[in-house]
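Shown next, in structure tokens, is the structure this report addresses.
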Amino acid sequence: GQQVMQIPQYQHVQEGEDFTTYCNSSTTLSNIQWYKQRPGGHPVFLIQLVKSGEVKKQKRLTFQFGEAKKNSSLHITATQTTDVGTYFCAGGGTNTGNQFYFGTGTSLTVIP
Amino acid sequence: NAGVTQTPKFQVLKTGQSMTLQCAQDMNHNSMYWYRQDPGMGLRLIYYSASEGTTDKGEVPNGYNVSRLNKREFSLRLESAAPSQTSVYFCASSLGGWDGYTFGSGTRLTVV
């Protein structure tokens, strides 16, 4: 069954507003990855977090891995229409059979 | 610089028909994966091949078979298609371990 939960499922924001999606695992993860899928497209790898409490930034995107390595978040500052898409987290660890389990994704709509 | 190539892009099958989805990567990746994506369900792993010559079941393997033909190619076969297998299928590859995945553009399959 699903081992990685992601909230919210949908988010509509006005252009310029901030956006955050959260990823939670029932088990401790070795690492977590984030992907972006544009409408009609395929998932594209964004980043990987490995260390407890790790924070990484990519321009307006900030990724965080929780201290307990059971949750993660992606925060986008001042959204733009190019941020539209679905954001997936994928958790991996020995408890997941050394494979990644994808979250259900958060679909972001940016209203111009 | 093709990356991961999937064929076909679209397919309509009648219940009970069989078909093979093809996937090839040119990045010299060791591991290859097959996922299905359904609305609200995220990406679910069907089968994977950690390295040439090995294949393993993922979360939802029933009704599918795979073949790792060589290092480049990993095919997914539906022996007797069912409407429940209507989905978008993605092939992915990675160097292995916890490396990020590169996805193909997907196959949209409808079983009627």
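Residues in the structure tokens are numbered from 1 in each chain, the chains being A, B, ... in the order shown, and ligands are numbered from 1 in the order shown.
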
### Task
Compute the set of chain A residues within 7 Å of chain B, using only C-alpha atoms, and express it as a VMD selection string.
chain A and resid 41 to 45 102 to 105

Convert the current residue selection to file output with N, CA and C atoms, as a JSON list (two decimals), in the first residue's frame.
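Contents of again.json, as written:
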```json
[["chain", "number", "residue", "atom", "x", "y", "z"],
["A", 41, "GLY", "N", 2.79, 15.98, -19.37],
["A", 41, "GLY", "CA", 4.20, 15.61, -19.48],
["A", 41, "GLY", "C", 4.58, 14.45, -18.59],
["A", 42, "HIS", "N", 5.88, 14.29, -18.41],
["A", 42, "HIS", "CA", 6.38, 13.22, -17.58],
["A", 42, "HIS", "C", 7.11, 13.81, -16.38],
["A", 43, "PRO", "N", 7.26, 13.04, -15.30],
["A", 43, "PRO", "CA", 7.97, 13.55, -14.13],
["A", 43, "PRO", "C", 9.43, 13.87, -14.46],
["A", 44, "VAL", "N", 9.89, 14.99, -13.91],
["A", 44, "VAL", "CA", 11.27, 15.42, -14.10],
["A", 44, "VAL", "C", 11.91, 15.58, -12.73],
["A", 45, "PHE", "N", 13.05, 14.96, -12.53],
["A", 45, "PHE", "CA", 13.76, 15.00, -11.26],
["A", 45, "PHE", "C", 14.19, 16.42, -10.93],
["A", 102, "PHE", "N", 6.34, 6.75, -4.47],
["A", 102, "PHE", "CA", 5.93, 8.10, -4.81],
["A", 102, "PHE", "C", 4.71, 8.51, -4.00],
["A", 103, "GLY", "N", 4.68, 9.77, -3.61],
["A", 103, "GLY", "CA", 3.48, 10.33, -3.03],
["A", 103, "GLY", "C", 2.42, 10.53, -4.10],
["A", 104, "THR", "N", 1.22, 10.90, -3.68],
["A", 104, "THR", "CA", 0.11, 11.06, -4.62],
["A", 104, "THR", "C", 0.19, 12.37, -5.39],
["A", 105, "GLY", "N", 1.09, 13.25, -5.00],
["A", 105, "GLY", "CA", 1.31, 14.47, -5.75],
["A", 105, "GLY", "C", 0.42, 15.63, -5.31]]
```

### Task
Could you give me, as a VMD selection string, each residue of segment 2-94 of chain A that DSSP assigns to strand (DSSP E or B) when run on this structure's backbone?
chain A and resid 4 to 7 10 to 14 19 to 25 31 to 37 43 to 49 55 to 58 61 to 65 71 to 76 85 to 92

#### Entry: Residues near Ser18 of chain B, cut-off 10 Å, only C-alpha atoms, skip fewer than 5 positions along chain, as a list in words
Leu13, Arg77, Leu78, Glu79, Ser80, Ala81 and Ala82 of chain B

Skipping near chain neighbours, those fewer than 5 positions away, what residues fall within 7 Å of Glu15 of chain A using only C-alpha atoms, listed as a short mmCIF file (atom, residue, chain, number, x, y, z; two decimals) with all heavy atoms, in the first residue's frame?
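Saved result, result00.cif, follows:
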```
data_model
loop_
_atom_site.label_atom_id
_atom_site.label_comp_id
_atom_site.auth_asym_id
_atom_site.auth_seq_id
_atom_site.Cartn_x
_atom_site.Cartn_y
_atom_site.Cartn_z
N ALA A 78 6.81 33.23 -4.24
CA ALA A 78 6.35 34.10 -5.35
C ALA A 78 6.12 33.30 -6.62
O ALA A 78 6.86 33.42 -7.60
CB ALA A 78 7.35 35.23 -5.58
N THR A 79 5.08 32.46 -6.62
CA THR A 79 4.82 31.57 -7.74
C THR A 79 4.68 32.33 -9.06
O THR A 79 4.24 33.49 -9.10
CB THR A 79 3.55 30.75 -7.51
OG1 THR A 79 2.48 31.66 -7.23
CG2 THR A 79 3.72 29.79 -6.37
N GLN A 80 5.05 31.62 -10.12
CA GLN A 80 4.90 32.13 -11.47
C GLN A 80 4.10 31.11 -12.28
O GLN A 80 3.99 29.95 -11.87
CB GLN A 80 6.28 32.34 -12.11
CG GLN A 80 7.14 33.35 -11.36
CD GLN A 80 8.54 33.45 -11.93
OE1 GLN A 80 8.89 32.76 -12.89
NE2 GLN A 80 9.35 34.32 -11.33
N THR A 81 3.57 31.53 -13.41
CA THR A 81 2.75 30.61 -14.21
C THR A 81 3.57 29.41 -14.69
O THR A 81 3.03 28.35 -14.96
CB THR A 81 2.14 31.33 -15.41
OG1 THR A 81 3.18 31.98 -16.15
CG2 THR A 81 1.11 32.38 -14.95
N VAL A 110 -1.62 28.06 -10.96
CA VAL A 110 -1.26 29.45 -10.70
C VAL A 110 -2.15 30.35 -11.54
O VAL A 110 -2.15 30.26 -12.77
CB VAL A 110 0.22 29.72 -11.02
CG1 VAL A 110 0.56 31.19 -10.75
CG2 VAL A 110 1.12 28.81 -10.20
N ILE A 111 -2.90 31.19 -10.86
CA ILE A 111 -3.86 32.08 -11.53
C ILE A 111 -3.17 33.41 -11.83
O ILE A 111 -2.71 34.08 -10.93
CB ILE A 111 -5.09 32.30 -10.64
CG1 ILE A 111 -5.71 30.96 -10.27
CG2 ILE A 111 -6.11 33.20 -11.35
CD1 ILE A 111 -6.67 31.03 -9.11
N PRO A 112 -3.09 33.77 -13.11
CA PRO A 112 -2.36 35.01 -13.47
C PRO A 112 -3.08 36.26 -12.96
O PRO A 112 -4.29 36.26 -12.75
CB PRO A 112 -2.34 35.00 -14.99
CG PRO A 112 -2.95 33.75 -15.43
CD PRO A 112 -3.59 33.07 -14.27
#
```

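Nearest residue to Phe100 of chain A, choosing from B:Leu21, B:Leu76, B:Ile46, B:Met27 and counting only C-alpha atoms: B:Ile46.
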
### Task
Kindly give the distance, in Å, that separates atom CA of Ser26 of chain A and atom CA of Gln58 of chain A, rounded to a single decimal.
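Separating atom CA of Ser26 of chain A from atom CA of Gln58 of chain A is a distance of 27.2 Å.
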
### Message
Between atom CA of Gly91 of chain A and atom CA of Gly66 of chain A, what distance in Å does the model show, to one decimal?
### Response
12.3 Å

### Task
Name the residues in contact with His75 of chain A at a cut-off of 8 Å, using only C-alpha atoms, excluding same-chain residues fewer than 6 positions from it; report them as a PyMOL selection string.
chain A and resi 18-21+61-63

### Message
Env of Cys23 of chain A: 9 Å cut, atoms = only C-alpha atoms, seq-sep filter 4 positions within chain, self excluded. Answer as a list in words.
### Response
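Contacts, with the query itself left out: Val4, Met5, Gln6, Ile7, Lys70, Asn71, Ser72, Ser73, Leu74, Phe88, Cys89, Ala90, Gly91, Gly103 and Gly105 of chain A.
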
Could the residues in this selection be saved with all heavy atoms as a compact mmCIF listing (two decimals), in the first residue's frame?
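Final output, saved to selection24.txt:
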```txt
# COMPACT_ATOMS: atom_id res chain seq x y z
N VAL A 4 3.88 6.70 1.35
CA VAL A 4 4.23 8.11 1.36
C VAL A 4 2.99 8.92 1.02
O VAL A 4 2.41 8.74 -0.04
CB VAL A 4 5.35 8.41 0.34
CG1 VAL A 4 5.65 9.89 0.32
CG2 VAL A 4 6.59 7.60 0.67
N MET A 5 2.58 9.76 1.95
CA MET A 5 1.39 10.57 1.76
C MET A 5 1.80 12.01 1.48
O MET A 5 2.79 12.51 2.04
CB MET A 5 0.50 10.52 3.01
CG MET A 5 0.06 9.12 3.40
SD MET A 5 -0.82 8.29 2.06
CE MET A 5 -2.26 9.31 1.93
N GLN A 6 1.02 12.66 0.64
CA GLN A 6 1.37 14.03 0.25
C GLN A 6 0.13 14.91 0.35
O GLN A 6 -0.95 14.51 -0.10
CB GLN A 6 1.90 14.01 -1.18
CG GLN A 6 2.70 15.22 -1.56
CD GLN A 6 3.38 15.07 -2.90
OE1 GLN A 6 3.53 13.96 -3.44
NE2 GLN A 6 3.79 16.18 -3.45
N ILE A 7 0.26 16.09 0.90
CA ILE A 7 -0.83 17.04 1.01
C ILE A 7 -0.35 18.45 0.69
O ILE A 7 0.83 18.76 0.88
CB ILE A 7 -1.47 17.04 2.43
CG1 ILE A 7 -0.40 17.31 3.50
CG2 ILE A 7 -2.21 15.74 2.69
CD1 ILE A 7 -0.99 17.53 4.88
N LYS A 70 11.22 11.56 8.27
CA LYS A 70 9.93 10.95 7.95
C LYS A 70 9.02 11.94 7.22
O LYS A 70 7.91 11.59 6.84
CB LYS A 70 9.23 10.47 9.23
CG LYS A 70 9.99 9.36 9.94
CD LYS A 70 9.32 8.94 11.23
CE LYS A 70 8.15 8.02 11.00
NZ LYS A 70 7.64 7.45 12.26
N ASN A 71 9.49 13.16 7.03
CA ASN A 71 8.68 14.13 6.31
C ASN A 71 9.58 15.09 5.55
O ASN A 71 10.77 15.24 5.85
CB ASN A 71 7.74 14.88 7.24
CG ASN A 71 8.50 15.56 8.35
OD1 ASN A 71 9.18 16.55 8.15
ND2 ASN A 71 8.39 15.02 9.56
N SER A 72 8.95 15.74 4.58
CA SER A 72 9.68 16.68 3.74
C SER A 72 8.71 17.73 3.22
O SER A 72 7.49 17.53 3.24
CB SER A 72 10.33 15.95 2.55
OG SER A 72 11.05 16.83 1.73
N SER A 73 9.24 18.84 2.78
CA SER A 73 8.39 19.88 2.21
C SER A 73 9.09 20.56 1.05
O SER A 73 10.32 20.57 0.96
CB SER A 73 8.01 20.93 3.27
OG SER A 73 9.17 21.61 3.73
N LEU A 74 8.26 21.08 0.16
CA LEU A 74 8.73 21.90 -0.96
C LEU A 74 7.99 23.22 -0.89
O LEU A 74 6.75 23.24 -0.87
CB LEU A 74 8.44 21.19 -2.29
CG LEU A 74 8.38 22.05 -3.56
CD1 LEU A 74 9.68 22.78 -3.78
CD2 LEU A 74 8.01 21.20 -4.76
N PHE A 88 5.67 15.84 -7.07
CA PHE A 88 5.68 14.56 -6.38
C PHE A 88 6.91 14.45 -5.50
O PHE A 88 8.02 14.83 -5.90
CB PHE A 88 5.76 13.40 -7.38
CG PHE A 88 4.54 13.20 -8.22
CD1 PHE A 88 4.46 13.73 -9.50
CD2 PHE A 88 3.47 12.45 -7.74
CE1 PHE A 88 3.34 13.53 -10.28
CE2 PHE A 88 2.34 12.25 -8.51
CZ PHE A 88 2.28 12.80 -9.79
N CYS A 89 6.71 13.88 -4.32
CA CYS A 89 7.84 13.43 -3.54
C CYS A 89 7.97 11.93 -3.73
O CYS A 89 6.99 11.26 -4.07
CB CYS A 89 7.69 13.77 -2.06
SG CYS A 89 6.28 12.98 -1.26
N ALA A 90 9.15 11.41 -3.53
CA ALA A 90 9.40 9.98 -3.63
C ALA A 90 10.36 9.60 -2.52
O ALA A 90 11.48 10.11 -2.46
CB ALA A 90 9.97 9.61 -4.99
N GLY A 91 9.90 8.72 -1.63
CA GLY A 91 10.71 8.33 -0.49
C GLY A 91 11.34 6.97 -0.70
O GLY A 91 10.71 6.07 -1.24
N GLY A 103 4.68 9.77 -3.61
CA GLY A 103 3.48 10.33 -3.03
C GLY A 103 2.42 10.53 -4.10
O GLY A 103 2.69 10.35 -5.29
N GLY A 105 1.09 13.25 -5.00
CA GLY A 105 1.31 14.47 -5.75
C GLY A 105 0.42 15.63 -5.31
O GLY A 105 -0.67 15.43 -4.78
```

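With only C-alpha atoms as the atoms that count, the minimum distance from Pro39 of chain A to the choices A:Gly85, A:Val55, A:Gly93, A:Thr106 is reached by A:Gly85.
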